[in-house]
Amino acid sequence: MKSDSSMPVSKGKVVTAVFLKDVQIELRSRVVTNQVLPFAGLVMVMFAFALDNDDVLQRVAGGLVWLATLFSLLIIVQRSFAIDTADGALDSLRVAGIELSAVFFGKAIALAAKLVALEIVLIFSALVLYRVDVNATGVVLLVTCVFCATSGLAFVGTLYGGLTAGAKGRETLLPLLLLPVVAPVLIAATRATEAAFGSGGAQTSEGWAWIGLLAVFAAVFGVGGSLAFGSLIDE
Amino acid sequence: MIVSFSDVVVVYDNFPALAGATFEISRGEIVLLQGPNGAGKTTLLRTCAGLLPIVRGSANVLSCDLTSDRFSVRKKVGLLGHANGLFHDLTVEENMSFWSRLIGTSDQDVKTAMQIMGLSDRLCTTRVANLSAGQKRRCALATLIVRRAQLWLLDEPHAGLDTQGRDELDKTLRAAREAGATVMFASHEIDRARNLATRSLMVAGGLVTES
């Protein structure tokens with residue numbers, strides 16, 4: 001048994017290790033597939049029952065998709081950090097002496113992967129339940145919107161998940177802190193999705209301006225989160 | 001000196017958990033921290049690991065000045081607190097591989113660590129959630145071996161282990177010492193701990209004295 005410190009590990013390898021760990025735990029526990037996806041699906045169905053009007057549903061389909069995504073985001077973020085705090089693994093990550101910004105990106109990418117799976121199901125639910133149509137240019141806009149919005153939500157979710165990870169009453173604190181911050185994503189992603197769906201006569205071209213806002217949001221929280229995450233976890 | 005504390009004050013939850021701690025530890029020692037609950041043993045170990053900020057005094061651990069930089073020391077120490085730091089949905093082997101990938105040690109190191117801690121092939125493929133408390137502890141100690149830490153900081157390492165596990169742990173700590181590592185551990189099992197330790201320190205009221 002040697003008692004030397006180990007070789008330094010690149011940031012990329014830490015990002016990959018954390019990402020694979022989170023995905024492996026999800027594949028093993030199936031919380032997103034068995035609990036979050038049915039929850040999000042139920043929200044979509046309940047809205048359909050509550051509104052019970054095809055015209056109204058087609059008009060608000062984009063908003064409902066992203067609202068269901070935000071509600072599900074809260075559960076996924078809670079779960080993502082619960083696995084790290086349950087047996088003190090977050091402390092072990094701190095003591096490992098690795099760059100915590102790499103942990104931030106690893107967790108954010110894993111969170112994004114789960115969100116994309118969720119959003120695909122929600123968008124297909126909207127197409128089936130609310131009978132919305134998407135043309136070819138709308139699909140391009142929709143894919144870009146999903147990519148940019150998911151990036152922003154993953155970064156901000158990971159940042160606020162880390163902030164509340166060690167706090168008392170984190171289950172209620174997280175929605176209080178997170179939902180106001182992601183309001184711009186809800187608005188921009190909804191408008192872009194409405195443009196992709198052609199809801200209320202909206203043109204696809206109208207959606208691209210909102211994509212810009214989503215991209216800026218993702219960039220700000222990607223950079224800011226990587227800088228702040230270490231300090232937040234450490235405190 | 002591996003560890004050198006001088007008049008160190010650490011405040012935890014608005015309470016001075018360390019209130020002027022002064023002590024030194026040399027390379028290769030196995031130091032037992034004794035003291036009642038709430039005396040500051042855990043705080044002392046976490047401070048040595050660079051997890052808690054020092055309010056007053058000076059502290060040097062493995063040539064790292066903790067008052068100016070408490071992050072550099074983390075790569076050199078291994079801390080096992082009350083929690084095991086494991087992911088319960090992963091198997092023992094997957095947990096070990098994760099920490100190994102993070103720290104940059106080899107698969108052979110993982111296998112050696114699991115052998116040392118008596119984690120059999122059957123246990124290696126078992127989810128941590130399905131292990132007993134003692135088996136989880138052994139798994140956590142194995143991750144510490146993989147890390148090749150120069151300073152081992154252990155909080156109640158014998159807790160939850162059966163007699164065989166405790167003997168294995170003692171053997172592991174002695175082997176770590178022979179390999180050049182230094183060990184600080186807190187324990188309430190005084191007889192076993194004194195037998196293992198080369199020196200004892202008494203922690204009481206946030207102060208540290210020779211025992």
# chains A, B, ... in the order shown; residues from 1 in each chain; ligands from 1
$ residues_around --residues "Thr105 of chain B" --least-positions-apart "4" --cutoff "9 Å" --atoms "only C-alpha atoms" --output "PDB file with N, CA and C atoms, in the first residue's frame"
ATOM      1  N   SER A   6      -2.523  10.784  -5.411  1.00  0.00           N
ATOM      2  CA  SER A   6      -2.695  10.194  -6.726  1.00  0.00           C
ATOM      3  C   SER A   6      -2.361  11.205  -7.805  1.00  0.00           C
ATOM      4  N   MET A   7      -2.302  10.701  -9.048  1.00  0.00           N
ATOM      5  CA  MET A   7      -2.004  11.570 -10.186  1.00  0.00           C
ATOM      6  C   MET A   7      -3.150  12.556 -10.395  1.00  0.00           C
TER       7      MET A   7
ATOM      8  N   TRP B  99     -14.824   6.677  -7.484  1.00  0.00           N
ATOM      9  CA  TRP B  99     -13.810   7.444  -6.750  1.00  0.00           C
ATOM     10  C   TRP B  99     -12.440   7.269  -7.384  1.00  0.00           C
ATOM     11  N   SER B 100     -12.193   6.088  -7.905  1.00  0.00           N
ATOM     12  CA  SER B 100     -10.909   5.828  -8.570  1.00  0.00           C
ATOM     13  C   SER B 100     -10.751   6.714  -9.805  1.00  0.00           C
ATOM     14  N   ARG B 101     -11.832   6.825 -10.592  1.00  0.00           N
ATOM     15  CA  ARG B 101     -11.779   7.664 -11.802  1.00  0.00           C
ATOM     16  C   ARG B 101     -11.581   9.132 -11.440  1.00  0.00           C
ATOM     17  N   ASP B 109      -5.529  -0.796  -8.160  1.00  0.00           N
ATOM     18  CA  ASP B 109      -5.638  -0.187  -6.830  1.00  0.00           C
ATOM     19  C   ASP B 109      -7.004  -0.485  -6.212  1.00  0.00           C
ATOM     20  N   VAL B 110      -8.035  -0.445  -7.073  1.00  0.00           N
ATOM     21  CA  VAL B 110      -9.397  -0.719  -6.596  1.00  0.00           C
ATOM     22  C   VAL B 110      -9.490  -2.155  -6.096  1.00  0.00           C
ATOM     23  N   VAL B 146      -7.962   3.531  -1.709  1.00  0.00           N
ATOM     24  CA  VAL B 146      -7.786   3.846  -3.136  1.00  0.00           C
ATOM     25  C   VAL B 146      -7.201   5.247  -3.306  1.00  0.00           C
ATOM     26  N   ARG B 147      -7.589   6.155  -2.426  1.00  0.00           N
ATOM     27  CA  ARG B 147      -7.152   7.546  -2.558  1.00  0.00           C
ATOM     28  C   ARG B 147      -5.680   7.753  -2.210  1.00  0.00           C
ATOM     29  N   ARG B 148      -5.061   6.754  -1.552  1.00  0.00           N
ATOM     30  CA  ARG B 148      -3.643   6.859  -1.171  1.00  0.00           C
ATOM     31  C   ARG B 148      -3.358   8.154  -0.414  1.00  0.00           C
TER      32      ARG B 148
END
$ closest_atom_pairs --of "chain B" --to "chain A" --cutoff "8 Å" --atoms "only C-alpha atoms" --output "Markdown table"
| residue | atom | partner | partner_atom | distance |
| --- | --- | --- | --- | --- |
| B:Ala49 | CA | A:Val95 | CA | 6.8 |
| B:Gly50 | CA | A:Val95 | CA | 7.7 |
| B:Leu51 | CA | A:Val95 | CA | 7.4 |
| B:Phe71 | CA | A:Gly97 | CA | 6.8 |
| B:Ser72 | CA | A:Gly97 | CA | 7.1 |
| B:Val73 | CA | A:Gly97 | CA | 7.7 |
| B:Arg74 | CA | A:Gly97 | CA | 4.7 |
| B:Lys75 | CA | A:Gly97 | CA | 4.5 |
| B:Lys76 | CA | A:Ser5 | CA | 5.6 |
| B:Val77 | CA | A:Val95 | CA | 7.6 |
| B:Gly78 | CA | A:Val95 | CA | 7.2 |
| B:Leu79 | CA | A:Val95 | CA | 7.1 |
| B:Ala83 | CA | A:Gly88 | CA | 5.3 |
| B:Asn84 | CA | A:Asp87 | CA | 5.8 |
| B:Gly85 | CA | A:Ala89 | CA | 3.8 |
| B:Leu86 | CA | A:Ala89 | CA | 5.7 |
| B:Phe87 | CA | A:Ile83 | CA | 6.5 |
| B:His88 | CA | A:Ile83 | CA | 7.8 |
| B:Asp89 | CA | A:Ile25 | CA | 5.8 |
| B:Leu90 | CA | A:Ile25 | CA | 6.4 |
| B:Phe98 | CA | A:Ala17 | CA | 6.4 |
| B:Arg101 | CA | A:Ala17 | CA | 6.5 |
| B:Leu102 | CA | A:Val14 | CA | 5.5 |
| B:Ile103 | CA | A:Val9 | CA | 6.2 |
| B:Gly104 | CA | A:Met7 | CA | 5.6 |
| B:Thr105 | CA | A:Ser6 | CA | 6.3 |
| B:Ile145 | CA | A:Met1 | CA | 7.9 |
| B:Arg147 | CA | A:Ser6 | CA | 6.7 |
| B:Arg148 | CA | A:Ser3 | CA | 4.7 |
| B:Ala149 | CA | A:Ser3 | CA | 5.7 |
| B:Gln150 | CA | A:Ser3 | CA | 5.3 |
| B:Ala175 | CA | A:Met1 | CA | 7.2 |
| B:Ala176 | CA | A:Met1 | CA | 6.7 |
| B:Ala179 | CA | A:Lys2 | CA | 5.8 |
| B:Gly180 | CA | A:Ser3 | CA | 6.1 |
| B:Ala181 | CA | A:Ser3 | CA | 5.6 |
$ residues_around --residues "segment 70-82 of chain A" --least-positions-apart "5" --cutoff "8 Å" --atoms "only C-alpha atoms" --output "number ranges by chain"
A: 22, 32, 36, 39-40, 107, 111, 115, 153, 157-158, 161-162, 165, 171, 174-175, 179, 186
$ residues_around --residues "segment 3-7 of chain B" --least-positions-apart "3" --cutoff "8 Å" --atoms "only C-alpha atoms" --output "JSON, numbers by chain"
{"B": [19, 20, 21, 22, 23, 24, 25, 26, 48, 56, 57, 58, 59, 60, 61, 62]}
$ residues_around --residues "Ile120 of chain A" --least-positions-apart "5" --cutoff "12 Å" --atoms "only C-alpha atoms" --output "PyMOL selection string"
chain A and resi 37+40-41+65-66+69+113-115+125-127+142-143+146-147+150
$ write_last_selection --atoms "C-alpha atoms" --output "short mmCIF file (atom, residue, chain, number, x, y, z; two decimals), in the first residue's frame"
data_model
loop_
_atom_site.label_atom_id
_atom_site.label_comp_id
_atom_site.auth_asym_id
_atom_site.auth_seq_id
_atom_site.Cartn_x
_atom_site.Cartn_y
_atom_site.Cartn_z
CA LEU A 37 -42.40 11.01 -16.58
CA ALA A 40 -45.43 15.13 -16.23
CA GLY A 41 -47.77 13.08 -18.43
CA VAL A 65 -45.19 21.73 -22.17
CA TRP A 66 -42.76 24.09 -20.47
CA THR A 69 -41.10 20.68 -17.60
CA ALA A 113 -30.05 14.41 -20.47
CA LYS A 114 -32.95 13.60 -18.15
CA LEU A 115 -34.75 16.82 -19.11
CA SER A 125 -47.99 14.32 -25.65
CA ALA A 126 -48.86 17.80 -26.89
CA LEU A 127 -48.89 16.61 -30.50
CA LEU A 142 -38.33 23.31 -31.71
CA VAL A 143 -35.09 21.30 -31.52
CA VAL A 146 -35.24 22.40 -26.53
CA PHE A 147 -31.44 22.50 -26.68
CA THR A 150 -32.65 22.64 -21.49
#
$ residues_around --residues "Val132 of chain A" --least-positions-apart "2" --cutoff "8 Å" --atoms "only C-alpha atoms" --output "PyMOL selection string"
chain A and resi 58+61+126-128+130+134+197+199
$ residues_around --residues "Val220 of chain A" --least-positions-apart "4" --cutoff "12 Å" --atoms "only C-alpha atoms" --output "PDB file with N, CA and C atoms, in the first residue's frame"
ATOM      1  N   SER A 151     -30.420  23.569 -21.696  1.00  0.00           N
ATOM      2  CA  SER A 151     -29.100  23.970 -21.173  1.00  0.00           C
ATOM      3  C   SER A 151     -29.269  24.966 -20.031  1.00  0.00           C
ATOM      4  N   GLY A 152     -30.101  25.975 -20.267  1.00  0.00           N
ATOM      5  CA  GLY A 152     -30.325  26.988 -19.227  1.00  0.00           C
ATOM      6  C   GLY A 152     -30.921  26.378 -17.976  1.00  0.00           C
ATOM      7  N   LEU A 153     -31.939  25.539 -18.146  1.00  0.00           N
ATOM      8  CA  LEU A 153     -32.594  24.923 -16.983  1.00  0.00           C
ATOM      9  C   LEU A 153     -31.628  24.005 -16.230  1.00  0.00           C
ATOM     10  N   PHE A 155     -28.299  24.220 -16.090  1.00  0.00           N
ATOM     11  CA  PHE A 155     -27.289  25.014 -15.379  1.00  0.00           C
ATOM     12  C   PHE A 155     -27.880  25.660 -14.122  1.00  0.00           C
ATOM     13  N   VAL A 156     -29.030  26.299 -14.296  1.00  0.00           N
ATOM     14  CA  VAL A 156     -29.616  27.000 -13.152  1.00  0.00           C
ATOM     15  C   VAL A 156     -30.130  25.989 -12.112  1.00  0.00           C
ATOM     16  N   LEU A 159     -27.094  24.766 -10.182  1.00  0.00           N
ATOM     17  CA  LEU A 159     -26.591  25.819  -9.287  1.00  0.00           C
ATOM     18  C   LEU A 159     -27.468  25.936  -8.041  1.00  0.00           C
ATOM     19  N   LEU A 213     -32.642  34.832 -26.499  1.00  0.00           N
ATOM     20  CA  LEU A 213     -32.744  35.046 -25.052  1.00  0.00           C
ATOM     21  C   LEU A 213     -32.399  33.761 -24.288  1.00  0.00           C
ATOM     22  N   LEU A 214     -32.883  32.632 -24.791  1.00  0.00           N
ATOM     23  CA  LEU A 214     -32.584  31.351 -24.131  1.00  0.00           C
ATOM     24  C   LEU A 214     -31.082  31.061 -24.153  1.00  0.00           C
ATOM     25  N   ALA A 215     -30.433  31.388 -25.273  1.00  0.00           N
ATOM     26  CA  ALA A 215     -28.993  31.143 -25.397  1.00  0.00           C
ATOM     27  C   ALA A 215     -28.205  32.022 -24.416  1.00  0.00           C
ATOM     28  N   VAL A 216     -28.620  33.279 -24.304  1.00  0.00           N
ATOM     29  CA  VAL A 216     -27.937  34.193 -23.376  1.00  0.00           C
ATOM     30  C   VAL A 216     -28.123  33.705 -21.936  1.00  0.00           C
ATOM     31  N   GLY A 224     -21.614  31.578 -14.881  1.00  0.00           N
ATOM     32  CA  GLY A 224     -21.805  31.965 -13.479  1.00  0.00           C
ATOM     33  C   GLY A 224     -21.872  30.753 -12.557  1.00  0.00           C
ATOM     34  N   GLY A 225     -22.558  29.726 -13.005  1.00  0.00           N
ATOM     35  CA  GLY A 225     -22.695  28.526 -12.184  1.00  0.00           C
ATOM     36  C   GLY A 225     -21.353  27.835 -11.948  1.00  0.00           C
ATOM     37  N   SER A 226     -20.548  27.755 -13.000  1.00  0.00           N
ATOM     38  CA  SER A 226     -19.247  27.081 -12.844  1.00  0.00           C
ATOM     39  C   SER A 226     -18.339  27.850 -11.893  1.00  0.00           C
ATOM     40  N   LEU A 227     -18.496  29.172 -11.860  1.00  0.00           N
ATOM     41  CA  LEU A 227     -17.676  29.998 -10.961  1.00  0.00           C
ATOM     42  C   LEU A 227     -18.192  29.934  -9.517  1.00  0.00           C
ATOM     43  N   ALA A 228     -19.522  29.904  -9.368  1.00  0.00           N
ATOM     44  CA  ALA A 228     -20.101  30.013  -8.025  1.00  0.00           C
ATOM     45  C   ALA A 228     -20.327  28.675  -7.335  1.00  0.00           C
TER      46      ALA A 228
END
$ atom_distance --atom1 "atom CA of Leu80 of chain B" --atom2 "atom CA of Leu154 of chain B"
4.9 Å
$ closest_residue --among "B:Leu173, B:Cys139, B:Cys64, B:Met1" --to "Leu123 of chain B" --atoms "only C-alpha atoms"
B:Cys139
$ atom_distance --atom1 "atom CA of Gln34 of chain B" --atom2 "atom CA of Ala204 of chain B"
8.4 Å
$ closest_residue --among "B:Arg122, B:Glu29, B:Thr47, B:Tyr12" --to "Ala197 of chain B" --atoms "only C-alpha atoms"
B:Glu29
$ select_by_dssp --residues "segment 54-98 of chain B" --states "strand (DSSP E or B)" --output "list in words"
Arg56, Gly57, Ser58, Ala59, Asn60, Val61, Cys64, Asp65, Val77, Gly78, Leu79, Leu80 and Thr91 of chain B
$ closest_residue --among "A:Leu100, A:Val56, A:Ala68, A:Ala189" --to "Cys145 of chain A" --atoms "only C-alpha atoms"
A:Ala189
